[in-house]
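Dropping model-v8.txt in here (compact mmCIF, C-alpha atoms and all ligand atoms):
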```txt
# COMPACT_ATOMS: atom_id res chain seq x y z
CA MET A 1456 -37.94 -126.87 -71.83
CA LYS A 1457 -35.49 -125.10 -69.57
CA PRO A 1458 -34.77 -121.39 -70.13
CA HIS A 1459 -31.78 -120.93 -72.33
CA THR A 1460 -29.30 -118.08 -72.65
CA LEU A 1461 -27.59 -117.07 -75.87
CA LYS A 1462 -24.68 -114.67 -75.44
CA ILE A 1463 -24.27 -111.98 -78.08
CA ALA A 1464 -20.96 -110.19 -78.43
CA ILE A 1465 -20.59 -107.58 -81.13
CA PRO A 1466 -16.98 -106.67 -81.85
CA GLY A 1467 -16.44 -102.98 -81.22
CA ALA A 1468 -19.82 -102.45 -79.52
CA ALA A 1469 -19.80 -101.26 -75.92
CA SER A 1470 -20.90 -104.52 -74.39
CA SER A 1471 -22.23 -107.97 -74.99
CA TYR A 1472 -25.71 -109.01 -73.98
CA ASP A 1473 -27.77 -112.08 -73.28
CA ILE A 1474 -30.88 -113.35 -74.97
CA LEU A 1475 -32.89 -115.37 -72.48
CA SER A 1476 -35.61 -117.54 -73.97
CA GLY A 1477 -38.14 -119.91 -72.47
CA ASN A 1478 -41.83 -120.68 -72.11
CA GLY A 1479 -43.46 -118.89 -69.16
CA ILE A 1480 -40.45 -116.86 -68.00
CA LEU A 1481 -41.97 -113.35 -68.01
CA SER A 1482 -42.80 -113.59 -64.31
CA GLY A 1483 -39.05 -113.81 -63.67
CA ALA A 1484 -38.27 -110.68 -65.68
CA GLY A 1485 -37.30 -108.68 -62.58
CA ALA A 1486 -34.35 -110.89 -61.67
CA TRP A 1487 -33.32 -111.02 -65.34
CA ALA A 1488 -33.46 -107.21 -65.67
CA ARG A 1489 -31.40 -106.84 -62.50
CA LYS A 1490 -28.77 -109.16 -63.93
CA CYS A 1491 -28.67 -107.24 -67.23
CA LEU A 1492 -28.57 -103.76 -65.68
CA GLY A 1493 -26.64 -104.25 -62.46
CA ARG A 1494 -27.28 -103.26 -58.85
CA ASP A 1495 -27.29 -99.49 -59.24
CA THR A 1496 -30.16 -99.05 -61.68
CA GLN A 1497 -33.19 -97.64 -59.92
CA ARG A 1498 -35.81 -96.59 -62.43
CA LEU A 1499 -37.26 -98.39 -65.40
CA ALA A 1500 -39.66 -97.03 -68.01
CA ILE A 1501 -41.82 -99.75 -69.54
CA PHE A 1502 -42.60 -98.78 -73.14
CA SER A 1503 -45.60 -100.61 -74.55
CA ASN A 1504 -49.02 -100.16 -76.16
CA PRO A 1505 -52.49 -100.63 -74.61
CA THR A 1506 -53.08 -104.03 -76.29
CA VAL A 1507 -49.93 -105.65 -74.94
CA ASN A 1508 -49.87 -103.73 -71.69
CA ASP A 1509 -53.38 -104.98 -70.83
CA LEU A 1510 -52.19 -108.54 -71.30
CA TYR A 1511 -48.71 -108.53 -69.78
CA GLY A 1512 -48.04 -105.11 -68.24
CA ASP A 1513 -49.07 -106.09 -64.71
CA MET A 1514 -46.99 -109.24 -64.66
CA LEU A 1515 -43.92 -107.38 -65.87
CA THR A 1516 -44.41 -104.42 -63.53
CA LYS A 1517 -44.85 -106.69 -60.51
CA SER A 1518 -41.77 -108.70 -61.30
CA LEU A 1519 -39.64 -105.58 -61.87
CA ARG A 1520 -40.82 -104.03 -58.59
CA SER A 1521 -40.04 -107.19 -56.69
CA ALA A 1522 -36.47 -106.89 -57.99
CA GLY A 1523 -36.25 -103.42 -56.46
CA PHE A 1524 -36.89 -101.20 -59.49
CA SER A 1525 -39.26 -98.28 -59.43
CA VAL A 1526 -41.37 -98.50 -62.57
CA THR A 1527 -43.20 -96.07 -64.79
CA THR A 1528 -45.11 -96.88 -67.98
CA PHE A 1529 -45.33 -95.07 -71.31
CA LEU A 1530 -47.94 -96.32 -73.77
CA MET A 1531 -47.83 -95.49 -77.48
CA ARG A 1532 -50.90 -96.05 -79.63
CA ASP A 1533 -51.12 -99.44 -81.30
CA GLY A 1534 -50.11 -99.53 -84.96
CA GLU A 1535 -47.37 -98.97 -87.51
CA ARG A 1536 -48.75 -95.49 -88.27
CA TYR A 1537 -47.77 -94.36 -84.77
CA LYS A 1538 -44.15 -95.38 -85.28
CA THR A 1539 -43.23 -91.71 -85.66
CA LEU A 1540 -41.05 -88.94 -84.28
CA ARG A 1541 -44.16 -87.52 -82.63
CA THR A 1542 -44.49 -90.67 -80.52
CA VAL A 1543 -40.78 -90.51 -79.67
CA GLU A 1544 -41.20 -86.89 -78.61
CA ALA A 1545 -44.07 -87.82 -76.29
CA ALA A 1546 -41.98 -90.63 -74.82
CA LEU A 1547 -38.99 -88.33 -74.27
CA ALA A 1548 -41.22 -85.84 -72.47
CA LYS A 1549 -42.45 -88.63 -70.22
CA PHE A 1550 -38.89 -89.86 -69.49
CA ALA A 1551 -37.88 -86.32 -68.56
CA ASP A 1552 -40.95 -85.84 -66.38
CA GLU A 1553 -40.34 -89.11 -64.60
CA GLY A 1554 -36.67 -88.36 -64.05
CA ILE A 1555 -35.24 -91.26 -66.06
CA LYS A 1556 -31.47 -90.74 -65.61
CA ARG A 1557 -28.40 -91.94 -67.49
CA GLY A 1558 -28.08 -95.04 -65.33
CA ASP A 1559 -31.76 -95.95 -65.70
CA ALA A 1560 -33.29 -97.89 -68.57
CA VAL A 1561 -36.21 -98.36 -70.93
CA ILE A 1562 -37.87 -101.74 -71.34
CA ALA A 1563 -39.82 -102.45 -74.52
CA LEU A 1564 -42.81 -104.77 -74.11
CA GLY A 1565 -44.51 -105.55 -77.41
CA GLY A 1566 -44.02 -106.30 -81.08
CA GLY A 1567 -41.57 -104.79 -83.54
CA VAL A 1568 -43.34 -101.44 -83.64
CA VAL A 1569 -42.96 -100.95 -79.90
CA GLY A 1570 -39.41 -102.36 -79.90
CA ASP A 1571 -38.16 -100.13 -82.73
CA THR A 1572 -39.77 -96.99 -81.30
CA ALA A 1573 -38.74 -97.68 -77.71
CA GLY A 1574 -35.16 -98.46 -78.75
CA PHE A 1575 -34.89 -95.22 -80.66
CA ALA A 1576 -36.38 -93.19 -77.81
CA ALA A 1577 -33.84 -94.85 -75.48
CA ALA A 1578 -31.02 -93.99 -77.92
CA CYS A 1579 -32.10 -90.32 -77.88
CA HIS A 1580 -32.87 -89.77 -74.19
CA LEU A 1581 -29.85 -88.07 -72.59
CA ARG A 1582 -27.83 -89.20 -75.65
CA GLY A 1583 -28.58 -92.79 -74.89
CA VAL A 1584 -29.86 -94.85 -71.98
CA ARG A 1585 -29.84 -98.61 -71.92
CA PHE A 1586 -32.83 -100.57 -73.06
CA LEU A 1587 -34.17 -104.07 -72.72
CA GLN A 1588 -36.38 -105.91 -75.16
CA VAL A 1589 -39.30 -108.13 -74.22
CA PRO A 1590 -40.71 -109.08 -77.64
CA THR A 1591 -44.26 -110.44 -77.70
CA THR A 1592 -44.80 -111.20 -81.41
CA LEU A 1593 -43.12 -114.02 -83.29
CA LEU A 1594 -41.66 -111.47 -85.71
CA ALA A 1595 -40.13 -109.45 -82.89
CA MET A 1596 -38.77 -112.55 -81.14
CA LEU A 1597 -37.11 -113.85 -84.27
CA ASP A 1598 -36.05 -110.71 -85.89
CA SER A 1599 -36.57 -107.13 -84.72
CA SER A 1600 -35.56 -107.52 -81.06
CA VAL A 1601 -32.10 -108.75 -82.03
CA GLY A 1602 -29.55 -106.73 -83.94
CA GLY A 1603 -29.79 -103.19 -82.61
CA LYS A 1604 -31.63 -101.47 -85.47
CA THR A 1605 -34.03 -98.99 -83.91
CA GLY A 1606 -36.05 -96.22 -85.47
CA VAL A 1607 -39.29 -94.76 -86.76
CA ASN A 1608 -40.88 -93.98 -90.10
CA GLY A 1609 -40.11 -90.55 -91.56
CA PRO A 1610 -40.95 -88.43 -94.58
CA GLY A 1611 -38.47 -90.54 -96.60
CA GLY A 1612 -40.34 -93.77 -95.86
CA LYS A 1613 -40.27 -96.75 -93.54
CA ASN A 1614 -37.52 -96.84 -90.90
CA THR A 1615 -35.72 -93.84 -92.42
CA ILE A 1616 -35.02 -92.19 -89.05
CA GLY A 1617 -33.15 -94.21 -86.50
CA ALA A 1618 -30.02 -95.32 -84.73
CA PHE A 1619 -28.06 -98.44 -84.08
CA HIS A 1620 -28.60 -99.04 -80.39
CA GLN A 1621 -27.99 -102.54 -79.08
CA PRO A 1622 -30.23 -103.72 -76.25
CA ALA A 1623 -28.74 -104.56 -72.86
CA GLY A 1624 -30.71 -107.81 -72.91
CA VAL A 1625 -33.58 -109.60 -74.61
CA LEU A 1626 -36.16 -111.80 -72.88
CA ILE A 1627 -38.23 -114.05 -75.14
CA ASP A 1628 -41.21 -115.72 -73.50
CA THR A 1629 -43.06 -117.90 -76.03
CA ALA A 1630 -46.04 -118.15 -73.64
CA THR A 1631 -46.98 -114.63 -74.76
CA LEU A 1632 -47.61 -115.97 -78.28
CA ALA A 1633 -50.76 -117.70 -76.98
CA THR A 1634 -52.67 -114.40 -77.28
CA LEU A 1635 -51.20 -113.31 -80.62
CA PRO A 1636 -53.78 -113.34 -83.45
CA GLU A 1637 -53.13 -116.17 -85.93
CA ARG A 1638 -52.56 -113.79 -88.82
CA GLU A 1639 -49.77 -112.06 -86.86
CA LEU A 1640 -48.25 -115.43 -85.96
CA ASN A 1641 -48.24 -116.46 -89.62
CA ALA A 1642 -46.62 -113.17 -90.60
CA GLY A 1643 -43.82 -113.92 -88.14
CA PHE A 1644 -43.43 -117.38 -89.62
CA TYR A 1645 -42.48 -115.86 -92.99
CA GLU A 1646 -39.48 -114.21 -91.32
CA ALA A 1647 -38.64 -117.64 -89.90
CA VAL A 1648 -38.85 -119.05 -93.42
CA LYS A 1649 -36.49 -116.28 -94.53
CA HIS A 1650 -33.92 -117.36 -91.93
CA ALA A 1651 -34.45 -120.98 -92.98
CA MET A 1652 -33.79 -120.16 -96.65
CA LEU A 1653 -30.66 -118.19 -95.79
CA ALA A 1654 -29.23 -120.68 -93.32
CA GLY A 1655 -30.51 -124.07 -94.48
CA GLY A 1656 -29.50 -127.04 -92.28
CA GLU A 1657 -30.73 -127.03 -88.72
CA VAL A 1658 -32.52 -123.68 -88.98
CA LEU A 1659 -34.55 -125.05 -91.87
CA ALA A 1660 -35.26 -128.33 -90.08
CA ASN A 1661 -36.40 -126.53 -86.93
CA THR A 1662 -38.65 -124.20 -88.94
CA ARG A 1663 -40.32 -127.11 -90.73
CA HIS A 1664 -40.76 -128.88 -87.42
CA ALA A 1665 -42.47 -125.82 -85.90
CA LEU A 1666 -44.69 -125.45 -88.95
CA ASP A 1667 -45.84 -129.07 -88.58
CA SER A 1668 -47.03 -128.49 -85.05
CA ARG A 1669 -46.97 -125.03 -83.55
CA GLU A 1670 -46.48 -126.15 -79.98
CA PRO A 1671 -44.39 -123.91 -77.66
CA LYS A 1672 -41.46 -126.32 -77.51
CA ARG A 1673 -41.05 -126.40 -81.27
CA LEU A 1674 -41.59 -122.66 -81.58
CA LEU A 1675 -38.89 -122.12 -79.02
CA THR A 1676 -36.42 -124.35 -80.84
CA MET A 1677 -37.15 -122.55 -84.11
CA ILE A 1678 -36.77 -119.11 -82.51
CA ARG A 1679 -33.49 -120.05 -80.82
CA SER A 1680 -31.89 -121.29 -84.01
CA GLY A 1681 -33.18 -118.33 -86.06
CA VAL A 1682 -31.94 -115.83 -83.50
CA GLU A 1683 -28.58 -117.54 -83.27
CA PHE A 1684 -28.24 -117.33 -87.03
CA LYS A 1685 -29.21 -113.65 -87.13
CA ALA A 1686 -26.95 -112.80 -84.19
CA ALA A 1687 -23.94 -114.40 -85.89
CA ILE A 1688 -24.52 -112.31 -89.02
CA VAL A 1689 -25.00 -109.11 -87.01
CA ALA A 1690 -21.85 -109.78 -84.99
CA GLY A 1691 -19.85 -109.85 -88.22
CA ASP A 1692 -21.41 -106.75 -89.81
CA GLU A 1693 -23.23 -104.69 -87.17
CA ARG A 1694 -23.87 -101.63 -89.34
CA GLU A 1695 -24.55 -103.30 -92.65
CA ASP A 1696 -21.40 -102.11 -94.40
CA SER A 1697 -22.49 -100.95 -97.86
CA LYS A 1698 -19.30 -102.34 -99.43
CA LYS A 1699 -19.78 -105.86 -98.08
CA ARG A 1700 -21.39 -108.24 -100.54
CA ASP A 1701 -20.45 -111.70 -99.33
CA SER A 1702 -22.87 -114.32 -98.05
CA HIS A 1703 -22.18 -113.28 -94.41
CA SER A 1704 -22.96 -109.61 -95.02
CA ARG A 1705 -25.88 -108.22 -92.99
CA LYS A 1706 -27.48 -107.36 -96.31
CA VAL A 1707 -28.45 -111.00 -96.84
CA LEU A 1708 -31.05 -110.55 -94.10
CA ASN A 1709 -32.90 -108.40 -96.64
CA LEU A 1710 -33.85 -111.50 -98.65
CA GLY A 1711 -37.40 -110.94 -99.90
CA HIS A 1712 -37.45 -107.38 -98.59
CA THR A 1713 -36.94 -105.34 -101.78
CA PHE A 1714 -40.16 -106.76 -103.14
CA ALA A 1715 -41.86 -106.70 -99.72
CA HIS A 1716 -41.15 -103.00 -99.20
CA ALA A 1717 -42.42 -102.18 -102.70
CA LEU A 1718 -45.59 -104.19 -102.10
CA GLU A 1719 -46.18 -102.52 -98.75
CA LYS A 1720 -45.59 -99.10 -100.24
CA VAL A 1721 -48.00 -99.41 -103.17
CA THR A 1722 -50.72 -100.70 -100.85
CA ASN A 1723 -50.11 -97.90 -98.33
CA TYR A 1724 -49.08 -100.42 -95.66
CA ARG A 1725 -52.73 -101.50 -95.37
CA LYS A 1726 -53.27 -104.70 -97.29
CA PHE A 1727 -50.36 -106.80 -96.09
CA LEU A 1728 -48.71 -107.28 -92.76
CA HIS A 1729 -44.94 -106.86 -93.13
CA GLY A 1730 -44.34 -110.60 -92.74
CA GLU A 1731 -46.95 -111.37 -95.39
CA ALA A 1732 -45.24 -109.03 -97.83
CA VAL A 1733 -41.99 -110.84 -97.00
CA GLY A 1734 -43.76 -114.12 -97.81
CA TYR A 1735 -44.37 -112.85 -101.34
CA GLY A 1736 -40.88 -111.36 -101.44
CA LEU A 1737 -39.32 -114.76 -100.78
CA LEU A 1738 -41.29 -116.34 -103.63
CA TYR A 1739 -40.37 -113.42 -105.87
CA ALA A 1740 -36.66 -113.77 -105.06
CA ALA A 1741 -36.96 -117.49 -105.78
CA GLU A 1742 -38.56 -116.81 -109.17
CA ILE A 1743 -35.84 -114.33 -110.13
CA SER A 1744 -33.15 -116.77 -108.95
CA LYS A 1745 -34.73 -119.44 -111.14
CA SER A 1746 -34.90 -117.16 -114.20
CA LEU A 1747 -31.21 -116.35 -113.80
CA ASP A 1748 -30.41 -120.08 -113.52
CA LEU A 1749 -28.94 -119.63 -110.08
CA ILE A 1750 -31.02 -122.16 -108.18
CA ASP A 1751 -32.14 -125.67 -109.07
CA LYS A 1752 -35.67 -127.00 -109.20
CA ASN A 1753 -35.48 -129.12 -106.03
CA ASP A 1754 -34.52 -126.14 -103.92
CA ILE A 1755 -37.28 -124.04 -105.46
CA ASN A 1756 -39.82 -126.76 -104.70
CA LEU A 1757 -38.57 -127.00 -101.15
CA LEU A 1758 -38.91 -123.24 -100.69
CA TYR A 1759 -42.46 -123.28 -102.01
CA ASP A 1760 -43.30 -126.24 -99.85
CA VAL A 1761 -42.08 -124.56 -96.65
CA ALA A 1762 -43.75 -121.24 -97.52
CA ARG A 1763 -47.05 -123.03 -98.23
CA GLY A 1764 -46.82 -124.61 -94.80
CA VAL A 1765 -47.30 -121.19 -93.22
CA GLY A 1766 -50.74 -120.68 -94.74
CA SER A 1767 -52.35 -118.55 -97.39
CA LEU A 1768 -51.37 -114.97 -98.20
CA PRO A 1769 -53.80 -112.13 -98.98
CA PRO A 1770 -54.37 -112.12 -102.78
CA LEU A 1771 -52.14 -110.09 -105.08
CA ALA A 1772 -54.63 -109.90 -107.93
CA SER A 1773 -55.74 -106.28 -107.44
CA ILE A 1774 -52.16 -105.00 -107.55
CA ASP A 1775 -50.61 -103.40 -110.61
CA PRO A 1776 -47.25 -105.14 -111.28
CA GLN A 1777 -45.90 -102.03 -112.98
CA GLU A 1778 -46.51 -99.96 -109.86
CA VAL A 1779 -44.60 -102.45 -107.71
CA ILE A 1780 -41.69 -102.53 -110.14
CA GLU A 1781 -41.70 -98.71 -110.18
CA ALA A 1782 -41.55 -98.76 -106.39
CA PHE A 1783 -38.18 -100.54 -106.59
CA ARG A 1784 -36.85 -97.27 -107.92
CA PHE A 1785 -37.84 -95.56 -104.70
CA ASP A 1786 -35.83 -98.12 -102.80
CA LYS A 1787 -32.97 -97.32 -105.15
CA LYS A 1788 -33.04 -93.68 -104.08
CA THR A 1789 -32.67 -94.63 -100.44
CA HIS A 1790 -29.75 -96.90 -101.30
CA ALA A 1791 -27.69 -94.17 -103.02
CA GLY A 1792 -28.41 -95.41 -106.52
CA SER A 1793 -27.02 -98.90 -106.09
CA LEU A 1794 -29.97 -101.14 -105.49
CA GLU A 1795 -29.05 -104.72 -104.81
CA MET A 1796 -31.22 -107.79 -104.49
CA VAL A 1797 -30.55 -110.82 -102.39
CA LEU A 1798 -31.09 -113.98 -104.41
CA LEU A 1799 -30.46 -117.66 -103.74
CA LYS A 1800 -27.96 -119.99 -105.37
CA GLY A 1801 -29.63 -122.69 -103.33
CA ILE A 1802 -31.11 -123.14 -99.86
CA GLY A 1803 -28.53 -121.76 -97.43
CA LYS A 1804 -26.64 -120.02 -100.25
CA PRO A 1805 -27.60 -116.35 -100.55
CA VAL A 1806 -25.96 -114.15 -103.14
CA ILE A 1807 -26.12 -110.37 -103.56
CA VAL A 1808 -26.79 -109.23 -107.10
CA ALA A 1809 -26.79 -105.68 -108.49
CA ALA A 1810 -30.36 -104.92 -109.54
CA ASP A 1811 -29.27 -103.58 -112.93
CA LYS A 1812 -28.07 -107.11 -113.79
CA ILE A 1813 -31.69 -108.25 -113.66
CA PRO A 1814 -33.57 -107.40 -116.88
CA GLN A 1815 -36.93 -105.62 -116.54
CA ASN A 1816 -38.77 -108.44 -118.27
CA THR A 1817 -37.41 -110.89 -115.69
CA HIS A 1818 -39.13 -108.81 -113.00
CA ALA A 1819 -42.37 -108.73 -114.96
CA ALA A 1820 -42.25 -112.50 -115.55
CA ALA A 1821 -41.62 -113.19 -111.84
CA PHE A 1822 -44.63 -111.10 -110.92
CA ARG A 1823 -46.77 -112.95 -113.47
CA ARG A 1824 -45.71 -116.27 -111.94
CA LEU A 1825 -46.87 -115.12 -108.52
CA LEU A 1826 -50.22 -114.07 -110.00
CA GLU A 1827 -50.63 -117.42 -111.74
CA MET A 1828 -50.21 -119.19 -108.44
CA GLN A 1829 -53.23 -117.46 -106.88
N1 LIG B 1901 -35.41 -103.53 -86.02
C1 LIG B 1901 -35.40 -104.52 -86.87
O1 LIG B 1901 -34.36 -105.12 -87.15
C2 LIG B 1901 -36.69 -104.95 -87.49
C3 LIG B 1901 -36.76 -106.17 -88.17
C4 LIG B 1901 -37.98 -106.58 -88.67
C5 LIG B 1901 -39.11 -105.78 -88.50
N2 LIG B 1901 -39.01 -104.59 -87.84
C6 LIG B 1901 -40.18 -103.74 -87.62
O2 LIG B 1901 -41.12 -104.46 -86.84
C7 LIG B 1901 -42.42 -103.94 -87.07
C8 LIG B 1901 -43.42 -105.06 -87.17
O3 LIG B 1901 -43.46 -105.73 -85.95
P1 LIG B 1901 -44.62 -106.76 -85.56
O4 LIG B 1901 -44.89 -107.65 -86.72
O5 LIG B 1901 -44.24 -107.35 -84.27
O6 LIG B 1901 -45.92 -105.84 -85.47
P2 LIG B 1901 -46.56 -104.99 -84.27
O7 LIG B 1901 -45.56 -104.54 -83.32
O8 LIG B 1901 -47.45 -103.99 -84.89
O9 LIG B 1901 -47.48 -106.08 -83.52
C9 LIG B 1901 -48.56 -106.66 -84.22
C10 LIG B 1901 -49.88 -106.56 -83.42
O10 LIG B 1901 -49.90 -107.54 -82.41
C11 LIG B 1901 -50.20 -106.95 -81.15
N3 LIG B 1901 -49.52 -107.79 -80.16
C12 LIG B 1901 -48.20 -107.82 -79.89
N4 LIG B 1901 -47.93 -108.82 -79.05
C13 LIG B 1901 -49.09 -109.42 -78.76
C14 LIG B 1901 -49.45 -110.53 -77.95
N5 LIG B 1901 -48.52 -111.28 -77.34
N6 LIG B 1901 -50.76 -110.87 -77.86
C15 LIG B 1901 -51.70 -110.17 -78.57
N7 LIG B 1901 -51.41 -109.13 -79.37
C16 LIG B 1901 -50.12 -108.76 -79.47
C17 LIG B 1901 -49.71 -105.54 -81.29
O11 LIG B 1901 -50.35 -104.69 -80.37
C18 LIG B 1901 -50.08 -105.23 -82.74
O12 LIG B 1901 -51.43 -104.86 -82.83
C19 LIG B 1901 -42.32 -103.08 -88.33
O13 LIG B 1901 -42.41 -101.72 -87.96
C20 LIG B 1901 -40.92 -103.39 -88.87
O14 LIG B 1901 -40.34 -102.29 -89.53
C21 LIG B 1901 -37.82 -104.18 -87.35
ZN ZN B 1902 -38.72 -108.08 -92.25
```

Since I need it in another form, could you write the structure as structure tokens?
Ligand SMILES: NC(=O)c1ccc[n+]([C@@H]2O[C@H](COP(=O)([O-])OP(=O)(O)OC[C@H]3O[C@@H](n4cnc5c(N)ncnc54)[C@H](O)[C@@H]3O)[C@@H](O)[C@H]2O)c1
Ligand SMILES: [Zn+2]
Amino acid sequence: MKPHTLKIAIPGAASSYDILSGNGILSGAGAWARKCLGRDTQRLAIFSNPTVNDLYGDMLTKSLRSAGFSVTTFLMRDGERYKTLRTVEAALAKFADEGIKRGDAVIALGGGVVGDTAGFAAACHLRGVRFLQVPTTLLAMLDSSVGGKTGVNGPGGKNTIGAFHQPAGVLIDTATLATLPERELNAGFYEAVKHAMLAGGEVLANTRHALDSREPKRLLTMIRSGVEFKAAIVAGDEREDSKKRDSHSRKVLNLGHTFAHALEKVTNYRKFLHGEAVGYGLLYAAEISKSLDLIDKNDINLLYDVARGVGSLPPLASIDPQEVIEAFRFDKKTHAGSLEMVLLKGIGKPVIVAADKIPQNTHAAAFRRLLEMQ
């Protein structure tokens, strides 16, 4: 499949940018970066972790040097627990040491943890230098590398410190997924299922196709349609306007995430990968939608069918439902007292519902249904 460029233009943002996707295109990253950044950029800081850098750092460095950039590398430790201000501080010290100037740029090579942290460090350095995203997990390709949300975890919880900072370009090379552990790939698939449930139509068809056979061509088609869908939503509501509640609001991208965040929190971010928690969150949102008579049986069955196609999720049995439901309240605090849940009126028909419209026993019943399915 030929490389493909999707153009993203966000009204009001400083510039538009391209998302280049293909299979085996990382070796051409130098020319791509030059196109994104222009002739005058001299220095690039690759921001990665040792796992990904060992696999792809040399290829990227070589390609960037051949396009005339001088390159330095900052490595953060591998893992969500290092997505912190302390890591950002270390990166900023390195950028200063290496003389990264306003016209230079940061290039994130890795999954969502690297991308979010690198983007935020780029937003802070000299009040903002440009950054490029080279996502290497399915989750990052489909989701975190597009949309401009950057940040780290703080005392208030996950992603509570951050900035909107759009990348100057995104390069998605599906060949890098060949080394991704299967569990991580499956976790990414749940975010694809989320897009499929929100968008329906072609996005759903492409996701089912990729789940049937996970060959690069099908993965690429799924990623392109998911990214296109997300980009269109982001373009209409870059900063997730708290007053917007329609089906095009950026909030709809949180489908499955209220429950997912609660599940991650009560298990100290150890038992579930984010995407796995989202997997449960999608089923939970479906159950609540069913209880409120929003969605019909055929659509529910379809959702379950697609989610099952991803594979099995780590068991829920050891988790106290009450604790998870309590954890919603924490989410409420971070949302200024007006917690909302994204539900489905059908596949491709998200709806935003105020959480206080959902009775407590509906939550408890939905949780019980998930436990019964184990
Ligand atoms: N900014 C956003 O809009 C947004 C959206 C969704 C998620 N996120 C964030 O993304 C993060 C999760 O990202 P993730 O799921 O990519 O996890 P991750 O970045 O931790 O990567 C998962 C693991 O895979 C390894 N890895 C990455 N690429 C690899 C490759 N090609 N081959 C082998 N190993 C590889 C990583 O080193 C890591 O150990 C969370 O912090 C979440 O908050 C952000
Ligand atoms: Zn997510």

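Omitting Leu1519 of chain A and its sequence neighbours fewer than 2 positions away, and counting only C-alpha atoms, the residues within 10 Å are Ser1482, Gly1483, Ala1484, Gly1485, Ala1486, Trp1487, Ala1488, Arg1489, Arg1498, Leu1499, Ile1501, Asp1513, Met1514, Leu1515, Thr1516, Lys1517, Ser1521, Ala1522, Gly1523, Phe1524, Ser1525 and Val1526 of chain A.
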
Figure out the distance between atom C1 of ligand LIG 1901 (chain B) and atom CA of Gly1655 of chain A, please, to one decimal in Å.
->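 Going from atom CA of Gly1655 of chain A over to atom C1 of ligand LIG 1901 (chain B) covers 21.5 Å.
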
Please give me, as a PyMOL selection string, the residues lying within 7 Å of ligand ZN 1902 (chain B) when counting only C-alpha atoms and all ligand atoms.
-> chain A and resi 1646+1712+1729-1730+1733

What residues have any atom no more than 8 Å from ligand LIG 1901 (chain B) when counting all atoms listed in the file, and can you list them as number ranges by chain?
-> A: 1504-1507, 1510, 1533-1535, 1538, 1565-1571, 1590-1595, 1598-1607, 1613-1614, 1631-1636, 1639, 1642-1643, 1728-1730

Find, counting only C-alpha atoms, the residue in A:Ala1623, A:Ala1563, A:Leu1492, A:Val1797 that gets nearest to Ala1741 of chain A.
-> A:Val1797

Residues near segment 1743-1751 of chain A, cut-off 12 Å, all atoms listed in the file, skip fewer than 2 positions along chain, as a ChimeraX atom specification = /A:1710-1711,1714,1736-1741,1753-1758,1796-1808,1810,1812-1825

Do you have the atom CA of Phe1529 of chain A-atom CA of Ala1551 of chain A distance handy?
->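 About the pair atom CA of Phe1529 of chain A and atom CA of Ala1551 of chain A: they are 11.8 Å apart.
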
Between atom CA of His1459 of chain A and atom CA of Lys1685 of chain A lies a distance of 16.7 Å

Write out as a list of chain:residue names each polymer residue whose atoms come within 12 Å of Glu1693 of chain A, counting all atoms listed in the file; drop sequence neighbours fewer than 5 positions from it.
->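 After dropping sequence-adjacent residues, the list is A:Ile1463, A:Ala1464, A:Ile1465, A:Pro1466, A:Gly1467, A:Ala1468, A:Val1601, A:Gly1602, A:Gly1603, A:Lys1604, A:Ala1618, A:Phe1619, A:His1620, A:Gln1621, A:Lys1685, A:Ala1686, A:Ala1687, A:Ile1688, A:Lys1699, A:His1703, A:Ser1704, A:Arg1705, A:Lys1706, A:Leu1708.
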
Please write out, as AutoDock Vina command-line options, where the centre of an axis-aligned box around all listed atoms of segment 1675-1693 of chain A lies and how long its edges are, in Å to one decimal, after adding 4 Å on each side.
```
--center_x -29.4 --center_y -114.5 --center_z -84.4 --size_x 27.0 --size_y 27.7 --size_z 18.8
```

A:Ala1772, A:Lys1698, A:Phe1644, A:Lys1649: which is nearest Glu1795 of chain A, counting all atoms listed in the file?
->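 Of A:Ala1772, A:Lys1698, A:Phe1644, A:Lys1649, the one nearest Glu1795 of chain A, counting all atoms listed in the file, is A:Lys1698.
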
Name all residues at most 12 Å from Leu1771 of chain A (count only C-alpha atoms; drop same-chain ones fewer than 5 positions away) and give them as a count of residues only.
-> 21

Option closest in space to Pro1671 of chain A, from A:Asp1473, A:Glu1637, A:Asp1628, A:Glu1695 [counting only C-alpha atoms] = A:Asp1628

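Remark: for Tyr1511 of chain A, the closest of the candidate residues A:Leu1666, A:Met1677, A:Ala1654, A:Ile1480 is A:Ile1480 (distances computed over all atoms listed in the file).
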
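At a cut-off of 10 Å from (-39.7, -94.4, -68.4), the residue set is Arg1498, Leu1499, Ala1500, Ile1501, Phe1502, Ser1525, Val1526, Thr1527, Thr1528, Phe1529, Ala1546, Leu1547, Ala1548, Lys1549, Phe1550, Ala1551, Asp1552, Glu1553, Gly1554, Ile1555, Lys1556, Asp1559, Ala1560, Val1561, Ile1562, Ala1573 and Ala1577 of chain A (counting all atoms listed in the file).
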
Polymer residues at most 10 Å from Arg1679 of chain A, all atoms listed in the file, same-chain spacing of 2 or more positions, as a PyMOL selection string | chain A and resi 1459-1461+1474-1477+1596-1597+1627+1658+1661+1673-1677+1681-1685

Rank nothing, just name the residue among A:Val1689, A:Ala1809, A:Leu1564, A:Ile1678 nearest to Thr1662 of chain A, using only C-alpha atoms.
->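 Checking each candidate against Thr1662 of chain A, we get A:Ile1678 as the closest.
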
Taking only C-alpha atoms into account, which of A:Leu1659, A:Leu1481, A:Ala1665, A:Leu1794 comes nearest Ala1630 of chain A?
->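 Nearest candidate to Ala1630 of chain A out of A:Leu1659, A:Leu1481, A:Ala1665, A:Leu1794: A:Leu1481.
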